[in-house]
Each structure stands twice: as C-alpha cells, then as structure tokens.
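Below: the structure, in structure tokens.
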Amino acid sequence: MNCRLLYLVGQLGPGGLEHQLYYLLKTMDRERYRPEVVVWNFRSGDIYVPQIQKLGVPLHHFPDTLSAAGKLSAFRRMVMRMRPEVIHSYTFYTNFAAWWAAPGTKPIAVGSVRNDFAHDKKSCGVLLGRLSARWPRAQIYNNFAGAKAARSSHSLFTPGQVFVVRNALDLRQFRKAPVSTNGRAHILGVGSLIQRKRWDRLLRAAAALKGSGLDFRVDIAGGGPLGQSLQTLAQDLGVLDRVRFAGHTDDVSALLARSTFLAHTSDSEGCPNVVMEAMACGRAVVATDSGDIPSLVEDGKAGFVVRRGDEDALADRMTKLITDHDLCRRMGEAGRSKAEREFGLDRLLLETLAAYRASGWKDS
C-alpha cells in the first residue's frame with residue numbers, strides 16, 4: 001500500500017523541527033494517512049530515529065557516498081516508487097528537493113520555514129537559499145513574523161502560498177509545577193551552543209546580577225561548537241561560580257520543574273519550543289524579541305520581552321523576577337493558561353492538514 005504523506009527532513013538529531021515532526025506523526029491517524037519519512041543526512045544514533053520507528057513509521061535514507069545531486073535523483077526515484085499524495089519538506093534546505101521530485105508525478109509539494117525567513121535563506125548559501133525560498137510554491141511557516149517577512153519581500157525568491165502553523169506541545173509531558181521561593185533563584189537557558197542563540201548576553205546579564213549581590217544560579221542546557229568559548233567567557237566575566245553548562249538533555253520538563261524562570265537571548269527564532277515548554281510548565285520567561293516570541297510571551301503578562309541588544313533591560317527584567325516571587329508566580333500561571341488554550345497537539349495536526357488541502361491535496 002503506497003504512503004499518502006511523505007516527509008523529507010534534513011536529519012533526526014535533537015532540534016525543534018525534528019521534535020515537531022515527531023509530534024505530528026504521533027498525533028495523526030497513521031493507518032489512514034500512511035506517513036513515511038525520508039532523511040537527507042541520516043545517522044542511526046540520532047535521537048528521533050528510534051522514536052519515529054516506534055510509531056511504526058518507515059524511515060528511508062540515502063547511501064553515505066551520494067552527492068547532493070545523487071540524492072536529488074535518488075529521492076525522485078523514491079517518490080515515483082512510493083507515489084505519495086503529499087511531499088512535505090520539514091527542513092528549509094530540503095525544500096527544493098521536495099519540489100524537484102514532484103513534477104511529472106502525482107503528489108503536491110509543500111515546503112517549510114522553521115526560523116526567521118532571511119536567516120534561513122542566508123544560512124543555506126546564495127543558490128540553495130533562493131531556490132528553497134521559492135520552491136515549493138506552497139510553504140508552511142511555524143511563525144507569523146517569518147510569514148510576514150516573506151509576504152512583504154519584493155524578491156523573486158519567495159513562495160506563492162504562505163501558511164502559518166505554529167509549533168505545539170504535548171501538555172501531558174509539560175505539566176505545571178510549583179515554583180520554589182526558597183533560597184537562590186534558578187535561571188534556566190535551553191538551546192544549542194551556537195552563535196545565533198547569543199548565550200554571551202545571558203552570561204553578561206549574570207555578571208550584572210552578581211554585581212548587584214543577588215543570589216542565583218544559571219543552568220545552560222545544550223551542546224554545540226561554542227561550548228569551550230562560552231566557558232572561557234564565563235571565566236573572564238567572573239561568573240563560573242554562578243553558571244553551569246549542563247550539556248544536552250532529553251528531559252527539558254524536569255529542568256523546568258527545578259527552575260525559577262527561563263531566559264532566552266536569541267538573535268533569530270521562529271516559534272521556539274523551549275519558550276512554549278516553559279510557559280506550559282508555569283514558568284515566567286525573559287526573552288529577546290526575535291521571531292514570534294513577542295506574541296507568545298506578551299510582555300508583562302507571561303514574562304518580559306526585551307529588545308535584542310538591550311542588555312541593561314535584560315538584566316533589569318531578570319532582577320524583577322528574582323526579587324518578586326509573587327510576580328514570577330503570576331506570570332507563570334498566565335503562561336500555563338495560554339499554553340492550555342493554544343499549544344495543543346490537535347491544533348498542529350488540523351492546521352497542517354488544512355494547509356495541505358489549501359495547496360490542492362484531495363483528502364479522501
């Protein structure tokens with residue numbers, strides 16, 4: 001029996017888009033939609049490989065020796081053999097491959113933008129960035145800010161149809177937990193140790209908080225290429241006694257349960273999972289105004305949103321949450337309420353399928 005929905009993804013390691021793909025597959029009626037997944041850069045040890053396999057969803061990949069052009073040809077042959085009704089590229093840089101495989105075959109092709117539109121184009125290089133920004137003509141964005149940027153762009157290299165399907169959460173996994181008001185504040189940061197996450201901002205804020213005599217600890221959970229340089233910066237700033245680099249974790253909900261609030265200092269985002277996860281766990285959020293964060297957090301309600309680059313404001317808002325336990329609790333409760341209203345998995349599935357139909361898919 002041929003698959004109906006075919007997903008093309010760059011890799012299945014730890015990451016927000018991979019988590020959302022897993023959620024989508026987990027939530028849908030897999031007997032009805034018969035999903036399958038093709039992984040562009042496959043590694044058997046990646047975290048979501050066994051999780052997707054446990055769902056009974058077939059995984060396909062390419063020989064390691066194939067070039068990008070070889071993968072394009074091999075993927076088209078896969079599509080001709082599988083005869084899916086929809087090909088959904090879940091990674092920006094595989095968008096063009098999804099489009100390339102569709103002409104002359106039956107499926108409609110749908111692309112994705114999972115971050116800032118300009119950032120995704122730039123990060124893929126001039127040629128692939130432009131091709132993946134334009135094709136497929138129908139693309140699903142996980143954030144309104146990115147969709148707005150695409151719609152207002154005067155470039156030829158933009159999609160024809162833009163749909164927005166925000167990220168979702170399993171609210172049973174991310175439960176509300178009471179915030180401890182005893183002892184030092186535990187500030188949590190979660191994300192890859194890469195440049196655009198701008199952990200240097202959080203470290204400088206920690207130095208300012210320490211200089212003010214506040215009692216706190218910062219835990220940064222995540223792995224990446226900047227680990228050693230960030231440790232060096234923490235030492236230079238004199239905050240190694242207040243900052244712990246915890247490495248990658250698969251149990252973010254447990255970290256959030258032990259935290260006082262979340263700090264998120266990124267330069268470029270789409271609809272960050274960890275901000276939503278913190279809100280679902282009843283944690284206030286202090287975050288920069290990247291991507292859809294301003295509409296997720298709503299400054300002054302579920303936390304504070306500060307302008308990127310305004311490090312004085314970042315330290316000031318963190319100080320407020322450290323020193324005002326009642327404010328911290330109220331903001332956490334507001335975040336949980338919003339999560340219950342807006343972040344459920346059913347919405348992710350329904351809106352994704354609606355985007356497929358609006359792109360021309362005949363759901364039978």
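Naming scheme: A, B, ... for chains in displayed order of the structure tokens; residues 1 onward per chain; ligands 1 onward as shown.
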Alpha helix (DSSP H) positions in stretch 209-281 of chain A, given as a PDB file with N, CA and C atoms, in the first residue's frame:
ATOM      1  N   LEU A 209      23.961  40.704  37.478  1.00  0.00           N
ATOM      2  CA  LEU A 209      23.186  40.247  38.631  1.00  0.00           C
ATOM      3  C   LEU A 209      24.102  39.946  39.816  1.00  0.00           C
ATOM      4  N   LYS A 210      25.241  39.328  39.539  1.00  0.00           N
ATOM      5  CA  LYS A 210      26.196  39.039  40.610  1.00  0.00           C
ATOM      6  C   LYS A 210      26.727  40.334  41.216  1.00  0.00           C
ATOM      7  N   GLY A 211      26.974  41.312  40.361  1.00  0.00           N
ATOM      8  CA  GLY A 211      27.453  42.604  40.857  1.00  0.00           C
ATOM      9  C   GLY A 211      26.440  43.308  41.734  1.00  0.00           C
ATOM     10  N   GLY A 227      30.781  25.658  23.073  1.00  0.00           N
ATOM     11  CA  GLY A 227      30.868  25.299  24.486  1.00  0.00           C
ATOM     12  C   GLY A 227      32.111  25.816  25.168  1.00  0.00           C
ATOM     13  N   GLN A 228      33.280  25.591  24.583  1.00  0.00           N
ATOM     14  CA  GLN A 228      34.521  25.995  25.232  1.00  0.00           C
ATOM     15  C   GLN A 228      34.663  27.510  25.278  1.00  0.00           C
ATOM     16  N   SER A 229      34.298  28.197  24.212  1.00  0.00           N
ATOM     17  CA  SER A 229      34.439  29.657  24.208  1.00  0.00           C
ATOM     18  C   SER A 229      33.481  30.306  25.199  1.00  0.00           C
ATOM     19  N   LEU A 230      32.321  29.721  25.405  1.00  0.00           N
ATOM     20  CA  LEU A 230      31.391  30.266  26.392  1.00  0.00           C
ATOM     21  C   LEU A 230      31.901  30.016  27.810  1.00  0.00           C
ATOM     22  N   GLN A 231      32.503  28.876  28.043  1.00  0.00           N
ATOM     23  CA  GLN A 231      33.117  28.625  29.351  1.00  0.00           C
ATOM     24  C   GLN A 231      34.218  29.651  29.626  1.00  0.00           C
ATOM     25  N   THR A 232      35.002  29.942  28.607  1.00  0.00           N
ATOM     26  CA  THR A 232      36.071  30.945  28.762  1.00  0.00           C
ATOM     27  C   THR A 232      35.483  32.311  29.054  1.00  0.00           C
ATOM     28  N   LEU A 233      34.421  32.674  28.358  1.00  0.00           N
ATOM     29  CA  LEU A 233      33.784  33.969  28.610  1.00  0.00           C
ATOM     30  C   LEU A 233      33.237  34.037  30.037  1.00  0.00           C
ATOM     31  N   ALA A 234      32.611  32.960  30.496  1.00  0.00           N
ATOM     32  CA  ALA A 234      32.092  32.934  31.867  1.00  0.00           C
ATOM     33  C   ALA A 234      33.211  33.128  32.880  1.00  0.00           C
ATOM     34  N   GLN A 235      34.355  32.521  32.608  1.00  0.00           N
ATOM     35  CA  GLN A 235      35.502  32.695  33.498  1.00  0.00           C
ATOM     36  C   GLN A 235      35.998  34.135  33.475  1.00  0.00           C
ATOM     37  N   ASP A 236      36.091  34.707  32.281  1.00  0.00           N
ATOM     38  CA  ASP A 236      36.556  36.091  32.154  1.00  0.00           C
ATOM     39  C   ASP A 236      35.612  37.072  32.848  1.00  0.00           C
ATOM     40  N   LEU A 237      34.324  36.755  32.845  1.00  0.00           N
ATOM     41  CA  LEU A 237      33.333  37.623  33.480  1.00  0.00           C
ATOM     42  C   LEU A 237      33.217  37.377  34.982  1.00  0.00           C
ATOM     43  N   VAL A 252      13.742  18.118  29.235  1.00  0.00           N
ATOM     44  CA  VAL A 252      13.634  19.553  29.499  1.00  0.00           C
ATOM     45  C   VAL A 252      12.584  19.831  30.568  1.00  0.00           C
ATOM     46  N   SER A 253      11.531  19.029  30.606  1.00  0.00           N
ATOM     47  CA  SER A 253      10.468  19.272  31.589  1.00  0.00           C
ATOM     48  C   SER A 253      11.000  19.158  33.015  1.00  0.00           C
ATOM     49  N   ALA A 254      11.920  18.228  33.255  1.00  0.00           N
ATOM     50  CA  ALA A 254      12.499  18.094  34.600  1.00  0.00           C
ATOM     51  C   ALA A 254      13.345  19.310  34.951  1.00  0.00           C
ATOM     52  N   LEU A 255      14.102  19.828  34.003  1.00  0.00           N
ATOM     53  CA  LEU A 255      14.881  21.044  34.249  1.00  0.00           C
ATOM     54  C   LEU A 255      13.973  22.222  34.549  1.00  0.00           C
ATOM     55  N   LEU A 256      12.893  22.340  33.795  1.00  0.00           N
ATOM     56  CA  LEU A 256      11.956  23.449  34.028  1.00  0.00           C
ATOM     57  C   LEU A 256      11.303  23.346  35.402  1.00  0.00           C
ATOM     58  N   ALA A 257      11.013  22.113  35.830  1.00  0.00           N
ATOM     59  CA  ALA A 257      10.374  21.927  37.132  1.00  0.00           C
ATOM     60  C   ALA A 257      11.276  22.401  38.268  1.00  0.00           C
ATOM     61  N   ARG A 258      12.586  22.345  38.062  1.00  0.00           N
ATOM     62  CA  ARG A 258      13.534  22.784  39.090  1.00  0.00           C
ATOM     63  C   ARG A 258      13.919  24.254  38.958  1.00  0.00           C
ATOM     64  N   ASN A 273      10.405  26.190  20.691  1.00  0.00           N
ATOM     65  CA  ASN A 273       9.769  25.185  21.536  1.00  0.00           C
ATOM     66  C   ASN A 273       9.981  25.463  23.012  1.00  0.00           C
ATOM     67  N   VAL A 274      11.206  25.825  23.384  1.00  0.00           N
ATOM     68  CA  VAL A 274      11.508  25.923  24.811  1.00  0.00           C
ATOM     69  C   VAL A 274      10.736  27.040  25.487  1.00  0.00           C
ATOM     70  N   VAL A 275      10.452  28.114  24.780  1.00  0.00           N
ATOM     71  CA  VAL A 275       9.635  29.185  25.359  1.00  0.00           C
ATOM     72  C   VAL A 275       8.232  28.664  25.644  1.00  0.00           C
ATOM     73  N   MET A 276       7.678  27.920  24.690  1.00  0.00           N
ATOM     74  CA  MET A 276       6.353  27.334  24.892  1.00  0.00           C
ATOM     75  C   MET A 276       6.374  26.307  26.021  1.00  0.00           C
ATOM     76  N   GLU A 277       7.439  25.510  26.079  1.00  0.00           N
ATOM     77  CA  GLU A 277       7.551  24.499  27.123  1.00  0.00           C
ATOM     78  C   GLU A 277       7.629  25.128  28.507  1.00  0.00           C
ATOM     79  N   ALA A 278       8.365  26.224  28.615  1.00  0.00           N
ATOM     80  CA  ALA A 278       8.457  26.923  29.899  1.00  0.00           C
ATOM     81  C   ALA A 278       7.088  27.445  30.320  1.00  0.00           C
ATOM     82  N   MET A 279       6.376  28.036  29.384  1.00  0.00           N
ATOM     83  CA  MET A 279       5.039  28.543  29.709  1.00  0.00           C
ATOM     84  C   MET A 279       4.120  27.416  30.145  1.00  0.00           C
ATOM     85  N   ALA A 280       4.196  26.276  29.448  1.00  0.00           N
ATOM     86  CA  ALA A 280       3.351  25.140  29.806  1.00  0.00           C
ATOM     87  C   ALA A 280       3.650  24.627  31.206  1.00  0.00           C
TER      88      ALA A 280
END
Write out as CSV a residue-level contact list of stretch 104-143 of chain A versus stretch 84-97 of chain A with cut-off 6 Å: for each qualifying residue the closest pair of atoms and the distance in Å to one decimal, counting only C-alpha atoms, rows sorted by chain and residue number upward.
residue,atom,partner,partner_atom,distance
A:Pro107,CA,A:Glu85,CA,4.2
A:Ile108,CA,A:Val86,CA,5.0
A:Ala109,CA,A:Ile87,CA,4.8
A:Val110,CA,A:His88,CA,4.7
A:Gly111,CA,A:Ser89,CA,4.8
A:Ser112,CA,A:Phe92,CA,5.4
A:Val113,CA,A:Phe92,CA,5.4
A:Leu131,CA,A:Phe96,CA,6.0
A:Ser132,CA,A:Phe96,CA,4.8
A:Trp135,CA,A:Phe96,CA,5.5
**OP:** Enumerate the residues of stretch 216-253 of chain A with a DSSP assignment of strand (DSSP E or B), computed from the backbone, and present them as a ChimeraX atom specification.
**Re:** /A:216-221,243-245
Which residues come within 10 Å of A:Lys301, counting only C-alpha atoms, excluding same-chain residues fewer than 6 positions away, as an mmCIF file with C-alpha atoms, in the first residue's frame?
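Written out: selection.cif:
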data_model
loop_
_atom_site.group_PDB
_atom_site.id
_atom_site.type_symbol
_atom_site.label_atom_id
_atom_site.label_comp_id
_atom_site.auth_asym_id
_atom_site.auth_seq_id
_atom_site.Cartn_x
_atom_site.Cartn_y
_atom_site.Cartn_z
ATOM 1 C CA ALA A 284 7.832 33.040 33.577
ATOM 2 C CA VAL A 285 10.009 33.856 30.559
ATOM 3 C CA LEU A 327 5.201 38.340 40.084
ATOM 4 C CA ARG A 330 1.578 35.128 38.410
ATOM 5 C CA MET A 331 3.439 35.254 35.110
ATOM 6 C CA GLY A 332 3.952 31.504 35.219
ATOM 7 C CA GLU A 333 0.239 30.940 35.762
ATOM 8 C CA ALA A 334 -0.583 33.211 32.827
ATOM 9 C CA GLY A 335 1.808 31.228 30.655
#
What lies within 8 Å of stretch 178-187 of chain A using only C-alpha atoms, ignoring chain neighbours under 6 positions off, as a CSV table (one decimal) with C-alpha atoms, in the first residue's frame?
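And here is the file that came out, result_25.csv:
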chain,number,residue,atom,x,y,z
A,215,ASP,CA,21.5,35.0,44.9
A,216,PHE,CA,21.0,33.0,41.8
A,217,ARG,CA,22.4,30.2,39.6
A,218,VAL,CA,22.2,29.9,35.8
A,219,ASP,CA,21.9,26.5,34.1
A,257,ALA,CA,10.4,21.9,37.1
A,258,ARG,CA,13.5,22.8,39.1
A,259,SER,CA,13.9,26.3,37.6
A,260,THR,CA,12.5,29.6,38.7
A,261,PHE,CA,12.2,31.1,35.3
A,262,LEU,CA,13.5,30.8,31.7
A,263,ALA,CA,15.9,33.2,30.0
A,282,GLY,CA,4.1,27.5,34.6
A,283,ARG,CA,7.4,29.4,34.3
A,322,ILE,CA,14.5,37.1,41.1
A,325,HIS,CA,8.3,35.9,43.8
A,329,ARG,CA,4.3,33.0,40.1
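Among the candidates A:Phe163, A:Trp100, A:Tyr48, A:Trp40, the one nearest to A:Ile140 when counting only C-alpha atoms is A:Phe163.
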At a cut-off of 9 Å, using only C-alpha atoms, what residues contact A:Met80? Leave out same-chain residues fewer than 4 positions from it and give the result as a PyMOL selection string. chain A and resi 75-76+84+101-102+105-106
In Å and to one decimal, atom CA of A:Gly270 is distant from atom CA of A:Leu188 by 19.8 Å
Residues at most 6 Å from stretch 11-17 of chain A, counting only C-alpha atoms, excluding those fewer than 4 positions away in the same chain, as JSON, numbers by chain? {"A": [39, 41, 42, 46, 47, 48]}
Export of the given selection (N, CA and C atoms) as a compact mmCIF listing (two decimals), in the first residue's frame:
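Output file out-v7.txt follows:
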# COMPACT_ATOMS: atom_id res chain seq x y z
N VAL A 39 15.12 10.77 5.26
CA VAL A 39 16.09 11.59 5.98
C VAL A 39 17.26 11.91 5.04
N ASN A 41 20.20 13.53 5.64
CA ASN A 41 21.50 13.21 6.26
C ASN A 41 21.25 12.30 7.45
N PHE A 42 21.26 11.02 7.21
CA PHE A 42 20.84 10.05 8.21
C PHE A 42 22.01 9.61 9.09
N ASP A 46 20.82 9.11 15.89
CA ASP A 46 20.07 10.34 16.18
C ASP A 46 18.84 10.04 17.03
N ILE A 47 18.52 10.97 17.89
CA ILE A 47 17.53 10.76 18.95
C ILE A 47 16.14 10.38 18.44
N TYR A 48 15.72 10.97 17.31
CA TYR A 48 14.35 10.72 16.86
C TYR A 48 14.23 9.51 15.93
*Spatial neighbours of A:Cys3, max dist 8 Å, only C-alpha atoms, sep filter under 4 positions, as an NGL selection string*: :A and (33-36 or 82-85)
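Nearest residue to A:Asp200 among A:Ser67, A:Gln173, A:Ser266, A:Thr249 is A:Ser266, counting only C-alpha atoms.
Put simply, atom CA of A:Val126 is 27.9 Å away from atom CA of A:Ala355.
Take atom CA of A:Asp324 and atom CA of A:Ser192: the distance between them is 29.5 Å.
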Of A:Arg357, A:Arg114, A:His264, A:Lys54, the one sitting nearest A:Arg198 when using only C-alpha atoms is A:His264
Using only C-alpha atoms, the best pick from A:Trp99, A:Gln161, A:Ala315, A:Ala150 as closest to A:Pro136 would be A:Trp99
Of A:Asn2, A:Gly160, A:Ser268, A:Leu321, the one sitting nearest A:Ser123 when using only C-alpha atoms is A:Ser268
